[in-house]
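Containing mmCIF, C-alpha atoms and all ligand atoms: target_10.cif.
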data_data
loop_
_atom_site.label_atom_id
_atom_site.label_comp_id
_atom_site.auth_asym_id
_atom_site.auth_seq_id
_atom_site.Cartn_x
_atom_site.Cartn_y
_atom_site.Cartn_z
CA MET A 427 0.00 0.00 0.00
CA GLU A 428 1.57 3.24 -1.08
CA VAL A 429 1.25 6.04 1.36
CA ILE A 430 1.88 9.68 0.68
CA ALA A 431 1.66 11.83 3.75
CA ARG A 432 3.35 14.92 5.05
CA SER A 433 2.53 14.36 8.66
CA GLY A 434 2.88 10.62 8.96
CA LEU A 435 -0.78 9.96 8.35
CA CYS A 436 -0.90 6.41 7.05
CA ALA A 437 -3.83 4.88 5.27
CA VAL A 438 -4.87 2.80 8.24
CA ARG A 439 -4.77 5.84 10.48
CA ALA A 440 -6.79 7.83 7.97
CA ARG A 441 -9.51 5.21 8.01
CA ARG A 442 -9.46 5.18 11.78
CA THR A 443 -9.72 8.96 11.79
CA GLU A 444 -12.69 8.84 9.47
CA ALA A 445 -14.40 6.22 11.62
CA ALA A 446 -13.82 8.36 14.71
CA ILE A 447 -15.20 11.42 12.99
CA LYS A 448 -18.28 9.52 11.85
CA GLN A 449 -18.87 8.49 15.43
CA ARG A 450 -18.43 12.02 16.72
CA ARG A 451 -20.66 13.60 14.15
CA CYS A 452 -24.23 12.43 14.04
CA LEU A 453 -25.18 14.29 10.86
CA MET A 454 -22.60 13.87 8.15
CA THR A 455 -24.82 14.17 5.11
CA LEU A 456 -27.52 16.66 4.39
CA PRO A 457 -30.87 15.53 3.03
CA PRO A 458 -30.75 14.99 -0.76
CA ASN A 459 -32.48 18.29 -1.46
CA LEU A 460 -29.70 20.16 0.32
CA SER A 461 -26.63 18.19 -0.65
CA GLY A 462 -26.17 19.04 -4.31
CA PRO A 463 -24.07 21.94 -5.53
CA ALA A 464 -26.98 23.50 -7.42
CA GLN A 465 -29.49 23.86 -4.61
CA GLY A 466 -29.30 27.50 -3.50
CA PRO A 467 -27.76 29.18 -0.49
CA ARG A 468 -28.68 26.62 2.14
CA ARG A 469 -26.69 23.95 0.39
CA TRP A 470 -23.59 25.02 2.30
CA GLY A 471 -25.22 24.47 5.66
CA ARG A 472 -24.33 26.21 8.87
CA ALA A 473 -20.66 25.31 8.43
CA GLN A 474 -20.50 28.08 5.85
CA ASP A 475 -22.39 30.47 8.06
CA ARG A 476 -20.17 32.95 9.80
CA THR A 477 -21.89 32.11 13.07
CA VAL A 478 -20.30 28.64 13.01
CA THR A 479 -16.69 29.04 13.91
CA ASP A 480 -13.90 26.56 14.15
CA PRO A 481 -13.99 25.11 17.68
CA TYR A 482 -10.20 25.05 17.51
CA LYS A 483 -10.20 28.82 17.26
CA ARG A 484 -9.19 30.46 20.49
CA SER A 485 -12.17 32.08 22.15
CA GLY A 486 -10.29 35.00 23.69
CA LYS A 487 -8.28 37.60 21.87
CA LEU A 488 -4.68 36.73 21.15
CA HIS A 489 -1.89 39.00 22.22
CA GLU A 490 -0.47 40.91 19.26
CA PRO A 491 1.91 40.01 17.87
CA THR A 492 1.86 36.25 18.49
CA VAL A 493 3.92 33.69 16.59
CA CYS A 494 3.02 30.03 16.14
CA PRO A 495 6.14 28.14 17.23
CA GLN A 496 5.33 25.25 14.90
CA CYS A 497 4.61 26.88 11.53
CA GLY A 498 5.87 30.43 12.05
CA ALA A 499 2.59 32.15 11.18
CA VAL A 500 2.21 35.53 12.83
CA TYR A 501 -0.99 36.81 14.43
CA HIS A 502 -1.15 40.50 13.71
CA GLU A 503 -3.93 43.01 13.07
CA GLY A 504 -6.54 40.48 14.06
CA ARG A 505 -5.54 37.64 11.77
CA TRP A 506 -2.89 35.01 11.15
CA GLN A 507 -0.54 35.86 8.31
CA TRP A 508 2.85 34.98 6.90
CA SER A 509 5.43 37.55 7.86
CA ALA A 510 8.79 37.88 9.54
CA ARG A 511 8.76 37.23 13.25
CA PRO A 512 8.16 40.57 14.97
CA ALA A 513 10.21 41.59 17.96
CA GLY A 514 8.56 40.88 21.30
CA ALA A 515 6.09 38.35 19.92
CA GLN A 516 4.48 35.87 22.25
CA GLU A 517 4.19 32.25 21.19
CA GLU A 518 1.00 30.26 20.83
CA LEU A 519 0.08 27.34 18.61
CA CYS A 520 -2.21 28.34 15.74
CA GLN A 521 -5.40 26.33 15.29
CA ALA A 522 -4.14 24.71 12.08
CA CYS A 523 -1.07 23.28 13.83
CA HIS A 524 -3.29 22.28 16.73
CA ARG A 525 -5.53 20.29 14.38
CA ILE A 526 -2.51 18.76 12.63
CA ASN A 527 -1.09 17.64 15.98
CA ASP A 528 -4.44 16.17 16.99
CA ASP A 529 -4.92 14.66 13.51
CA TYR A 530 -8.42 16.07 13.66
CA PRO A 531 -9.41 17.40 10.23
CA ALA A 532 -12.13 19.96 9.55
CA GLY A 533 -12.32 18.79 5.93
CA ILE A 534 -12.00 15.50 4.10
CA VAL A 535 -11.64 15.18 0.33
CA THR A 536 -12.29 11.78 -1.18
CA ILE A 537 -11.07 11.18 -4.73
CA THR A 538 -12.42 8.04 -6.37
CA GLY A 539 -13.05 6.36 -9.71
CA ASP A 540 -11.17 4.26 -12.25
CA PHE A 541 -9.67 7.42 -13.71
CA ILE A 542 -7.44 8.06 -10.71
CA VAL A 543 -5.08 5.10 -10.98
CA PRO A 544 -3.50 5.96 -14.35
CA HIS A 545 -3.66 9.72 -13.62
CA LYS A 546 -2.38 9.90 -10.08
CA ASP A 547 0.73 11.77 -11.15
CA GLU A 548 -1.46 14.51 -12.59
CA ILE A 549 -4.01 14.60 -9.77
CA LEU A 550 -1.67 14.91 -6.80
CA PRO A 551 0.22 17.99 -8.07
CA ILE A 552 -3.14 19.73 -8.55
CA VAL A 553 -4.11 18.91 -4.98
CA ARG A 554 -0.78 20.25 -3.72
CA ARG A 555 -0.98 23.33 -5.87
CA GLN A 556 -4.41 24.23 -4.50
CA GLU A 557 -3.01 24.03 -1.00
CA GLU A 558 -0.13 26.34 -1.95
CA ILE A 559 -2.51 28.92 -3.38
CA GLU A 560 -4.95 28.72 -0.47
CA LYS A 561 -2.29 28.67 2.23
CA ALA A 562 -0.44 31.67 0.81
CA GLU A 563 -3.45 33.85 1.57
CA HIS A 564 -4.96 31.91 4.46
CA PRO A 565 -2.19 30.42 6.62
CA LEU A 566 -4.63 28.29 8.58
CA ASN A 567 -5.99 26.46 5.53
CA ARG A 568 -3.74 23.49 4.92
CA ILE A 569 -3.52 19.82 4.07
CA ILE A 570 -3.04 17.57 7.09
CA GLY A 571 -2.32 14.43 5.10
CA ILE A 572 -2.82 12.61 1.82
CA SER A 573 -3.38 8.89 1.92
CA ASP A 574 -3.25 6.90 -1.26
CA GLU A 575 -5.44 3.89 -0.68
CA PRO A 576 -6.64 1.14 -3.00
CA GLY A 577 -9.32 2.71 -5.16
CA ARG A 578 -9.24 6.15 -3.61
CA ILE A 579 -7.14 9.06 -2.42
CA VAL A 580 -8.14 10.76 0.83
CA VAL A 581 -6.97 14.28 1.62
CA THR A 582 -7.57 15.73 5.08
CA THR A 583 -7.46 19.46 5.74
CA THR A 584 -7.38 21.89 8.64
CA ASP A 585 -10.31 23.94 7.31
CA ILE A 586 -13.54 23.74 5.33
CA HIS A 587 -12.49 25.92 2.37
CA LEU A 588 -9.55 24.01 0.93
CA PRO A 589 -11.60 20.84 0.18
CA ARG A 590 -13.93 22.84 -2.02
CA ARG A 591 -11.02 24.43 -3.86
CA ILE A 592 -9.40 21.03 -4.44
CA VAL A 593 -12.44 19.27 -5.89
CA GLU A 594 -13.34 22.25 -8.08
CA ALA A 595 -9.79 22.33 -9.48
CA LEU A 596 -10.01 18.61 -10.25
CA LYS A 597 -13.34 19.09 -12.01
CA ASN A 598 -11.91 21.97 -14.02
CA ALA A 599 -8.92 19.84 -15.03
CA PHE A 600 -10.57 16.48 -15.65
CA ASP A 601 -14.34 16.96 -15.54
CA GLY A 602 -15.94 14.26 -13.36
CA GLU A 603 -18.47 14.73 -10.57
CA ILE A 604 -18.19 16.68 -7.34
CA SER A 605 -20.33 16.68 -4.25
CA PHE A 606 -20.28 18.37 -0.86
CA HIS A 607 -21.62 17.25 2.46
CA TYR A 608 -21.59 19.89 5.15
CA ASP A 609 -22.09 19.18 8.78
CA GLU A 610 -25.16 21.18 9.75
CA HIS A 611 -24.07 21.40 13.36
CA GLY A 612 -20.37 21.98 13.24
CA TYR A 613 -17.31 23.10 11.41
CA PHE A 614 -16.84 20.17 9.06
CA LEU A 615 -17.01 19.49 5.33
CA ARG A 616 -16.69 16.35 3.27
CA ALA A 617 -16.02 16.94 -0.43
CA GLU A 618 -15.85 14.27 -3.11
CA TRP A 619 -14.58 14.17 -6.65
CA GLN A 620 -15.22 11.11 -8.76
CA ARG A 621 -14.45 10.19 -12.32
CA GLU A 622 -14.68 6.80 -13.92
CA ALA A 623 -12.26 6.01 -16.74
ZN ZN B 701 0.96 26.98 13.33
#

Before anything else, please render the file you have as structure tokens.
Amino acid sequence: MEVIARSGLCAVRARRTEAAIKQRRCLMTLPPNLSGPAQGPRRWGRAQDRTVTDPYKRSGKLHEPTVCPQCGAVYHEGRWQWSARPAGAQEELCQACHRINDDYPAGIVTITGDFIVPHKDEILPIVRRQEEIEKAEHPLNRIIGISDEPGRIVVTTTDIHLPRRIVEALKNAFDGEISFHYDEHGYFLRAEWQREA
């Protein structure tokens, strides 16, 4: 079993993570009339509503400036950004690193279909590229791990925006079908891209 992972996330662990998440979340899939991408505003569920925030986000205000000791992101002017470490910065783990350490994704992308086996070398760079673009602007939106399993590739992310970007890029490149399943009650998104040969 080939495993591609940046943070040591092996295929077995990914499956275990998914099983744990399924157990923790009672409503993974919206009713059919809300789950398709062409259903109107409610299709995104409360996870896209600004009132639903990442539970990993610190509730109190962070000292400014603060540096994440793990990734080097700097909290300044009310948001995390990439910049040189400012003098006198305090240190605190950002929520993305916190999720990575806990191996607790906010997003899961599942890539399936006969098409993926002969085109893996084209698919994976697109996935990586979308992370680069997203992360450059939003330091907390990252890939936790990529596991290459028989018949599917599973990408876990620290946020709910990167999965959408990844599957839309794959559809733009290769066509295929995409679907989204938002957790109505929490900060979680499952995105899928599928193409048969
Ligand atoms: Zn960090």

Pick out the residues no farther than 6 Å from ligand ZN 701 (chain B), counting all atoms listed in the file, and list them as a PyMOL selection string.
chain A and resi 494+496-497+499+519-520+522-523

Of the candidates A:Ile592, A:Ile526, A:Ala532, A:Ile586, which one gets nearest to Val553 in chain A if we count all atoms listed in the file?
A:Ile592

Kindly give the distance, in Å, that separates CA of Asp528 in chain A and CA of Asp480 in chain A, rounded to a single decimal.
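CA of Asp480 in chain A lies 14.3 Å from CA of Asp528 in chain A.
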
State, in Å with one decimal place, the distance from CA of Ala515 in chain A to CA of Thr492 in chain A.
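Going from CA of Ala515 in chain A over to CA of Thr492 in chain A, I get 4.9 Å.
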
Counting all atoms listed in the file, which residues come within 12 Å of (-5.2, 42.8, 13.8), with the point read in the file's coordinates, and could you list them as a list in words?
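Nearby residues: Lys487, Leu488, His489, Glu490, Pro491, Thr492, Val500, Tyr501, His502, Glu503, Gly504, Arg505, Trp506 and Gln507 of chain A.
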
Test item: residues at most 12 Å from range 539-549 of chain A, only C-alpha atoms, excluding those fewer than 2 positions along its chain, as a ChimeraX atom specification:
/A:428,430,536-537,551-556,572,574-581,592-593,595-604,618-623

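One distance worth recording is that between CA of Pro512 in chain A and CA of Thr584 in chain A, which is 25.1 Å.
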
Using all atoms listed in the file, which of the listed residues (A:Gly498, A:Gly514, A:Gly571, A:Gly486) sits closest to Pro531 in chain A?
A:Gly571

Of the candidates A:Ala513, A:Glu610, A:Thr582, A:Trp508, which shows the shortest atom-to-atom distance to Lys561 in chain A, using only C-alpha atoms?
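So, comparing all the options, the nearest one is A:Trp508.
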
With N, CA and C atoms as the goal, would you fill in the gaps in range 561-592 of chain A and present it as a short mmCIF file (atom, residue, chain, number, x, y, z; two decimals), in the frame of the given file?
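Okay, this is what ended up in rebuild.cif:
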data_model
loop_
_atom_site.label_atom_id
_atom_site.label_comp_id
_atom_site.auth_asym_id
_atom_site.auth_seq_id
_atom_site.Cartn_x
_atom_site.Cartn_y
_atom_site.Cartn_z
N LYS A 561 -3.09 28.43 1.02
CA LYS A 561 -2.29 28.67 2.23
C LYS A 561 -1.54 30.00 2.16
N ALA A 562 -1.17 30.41 0.95
CA ALA A 562 -0.44 31.67 0.81
C ALA A 562 -1.27 32.83 1.35
N GLU A 563 -2.57 32.76 1.12
CA GLU A 563 -3.45 33.85 1.57
C GLU A 563 -4.06 33.57 2.93
N HIS A 564 -4.30 32.31 3.20
CA HIS A 564 -4.96 31.91 4.46
C HIS A 564 -4.07 30.88 5.15
N PRO A 565 -3.18 31.33 6.02
CA PRO A 565 -2.19 30.42 6.62
C PRO A 565 -2.78 29.25 7.39
N LEU A 566 -4.05 29.37 7.79
CA LEU A 566 -4.63 28.29 8.58
C LEU A 566 -5.33 27.24 7.73
N ASN A 567 -5.32 27.42 6.41
CA ASN A 567 -5.99 26.46 5.53
C ASN A 567 -4.93 25.58 4.87
N ARG A 568 -4.83 24.36 5.35
CA ARG A 568 -3.74 23.49 4.92
C ARG A 568 -4.18 22.04 4.80
N ILE A 569 -3.34 21.27 4.12
CA ILE A 569 -3.52 19.82 4.07
C ILE A 569 -2.89 19.22 5.32
N ILE A 570 -3.61 18.32 5.96
CA ILE A 570 -3.04 17.57 7.09
C ILE A 570 -2.31 16.35 6.54
N GLY A 571 -2.96 15.62 5.65
CA GLY A 571 -2.32 14.43 5.10
C GLY A 571 -3.00 13.97 3.82
N ILE A 572 -2.26 13.23 3.03
CA ILE A 572 -2.82 12.61 1.82
C ILE A 572 -2.56 11.12 1.93
N SER A 573 -3.62 10.33 1.88
CA SER A 573 -3.38 8.89 1.92
C SER A 573 -3.88 8.27 0.62
N ASP A 574 -2.98 7.53 0.03
CA ASP A 574 -3.25 6.90 -1.26
C ASP A 574 -3.63 5.45 -0.97
N GLU A 575 -4.93 5.20 -1.04
CA GLU A 575 -5.44 3.89 -0.68
C GLU A 575 -5.91 3.15 -1.92
N PRO A 576 -6.12 1.85 -1.83
CA PRO A 576 -6.64 1.14 -3.00
C PRO A 576 -7.99 1.72 -3.42
N GLY A 577 -8.05 2.22 -4.63
CA GLY A 577 -9.32 2.71 -5.16
C GLY A 577 -9.68 4.13 -4.79
N ARG A 578 -8.90 4.77 -3.94
CA ARG A 578 -9.24 6.15 -3.61
C ARG A 578 -8.05 6.88 -2.99
N ILE A 579 -8.11 8.21 -3.08
CA ILE A 579 -7.14 9.06 -2.42
C ILE A 579 -7.93 9.90 -1.42
N VAL A 580 -7.45 9.98 -0.20
CA VAL A 580 -8.14 10.76 0.83
C VAL A 580 -7.22 11.88 1.29
N VAL A 581 -7.74 13.10 1.21
CA VAL A 581 -6.97 14.28 1.62
C VAL A 581 -7.69 14.88 2.83
N THR A 582 -6.97 15.08 3.92
CA THR A 582 -7.57 15.73 5.08
C THR A 582 -7.01 17.14 5.21
N THR A 583 -7.86 18.06 5.67
CA THR A 583 -7.46 19.46 5.74
C THR A 583 -7.80 20.08 7.10
N THR A 584 -7.16 21.20 7.36
CA THR A 584 -7.38 21.89 8.64
C THR A 584 -8.60 22.80 8.61
N ASP A 585 -9.24 22.95 7.45
CA ASP A 585 -10.31 23.94 7.31
C ASP A 585 -11.38 23.41 6.35
N ILE A 586 -12.45 24.19 6.20
CA ILE A 586 -13.54 23.74 5.33
C ILE A 586 -13.53 24.40 3.95
N HIS A 587 -12.53 25.22 3.66
CA HIS A 587 -12.49 25.92 2.37
C HIS A 587 -11.59 25.21 1.35
N LEU A 588 -10.48 24.68 1.83
CA LEU A 588 -9.55 24.01 0.93
C LEU A 588 -10.17 22.79 0.23
N PRO A 589 -11.00 21.97 0.89
CA PRO A 589 -11.60 20.84 0.18
C PRO A 589 -12.39 21.27 -1.05
N ARG A 590 -13.13 22.35 -0.90
CA ARG A 590 -13.93 22.84 -2.02
C ARG A 590 -13.02 23.28 -3.18
N ARG A 591 -11.96 23.98 -2.84
CA ARG A 591 -11.02 24.43 -3.86
C ARG A 591 -10.40 23.24 -4.59
N ILE A 592 -10.06 22.20 -3.84
CA ILE A 592 -9.40 21.03 -4.44
C ILE A 592 -10.34 20.32 -5.42
#
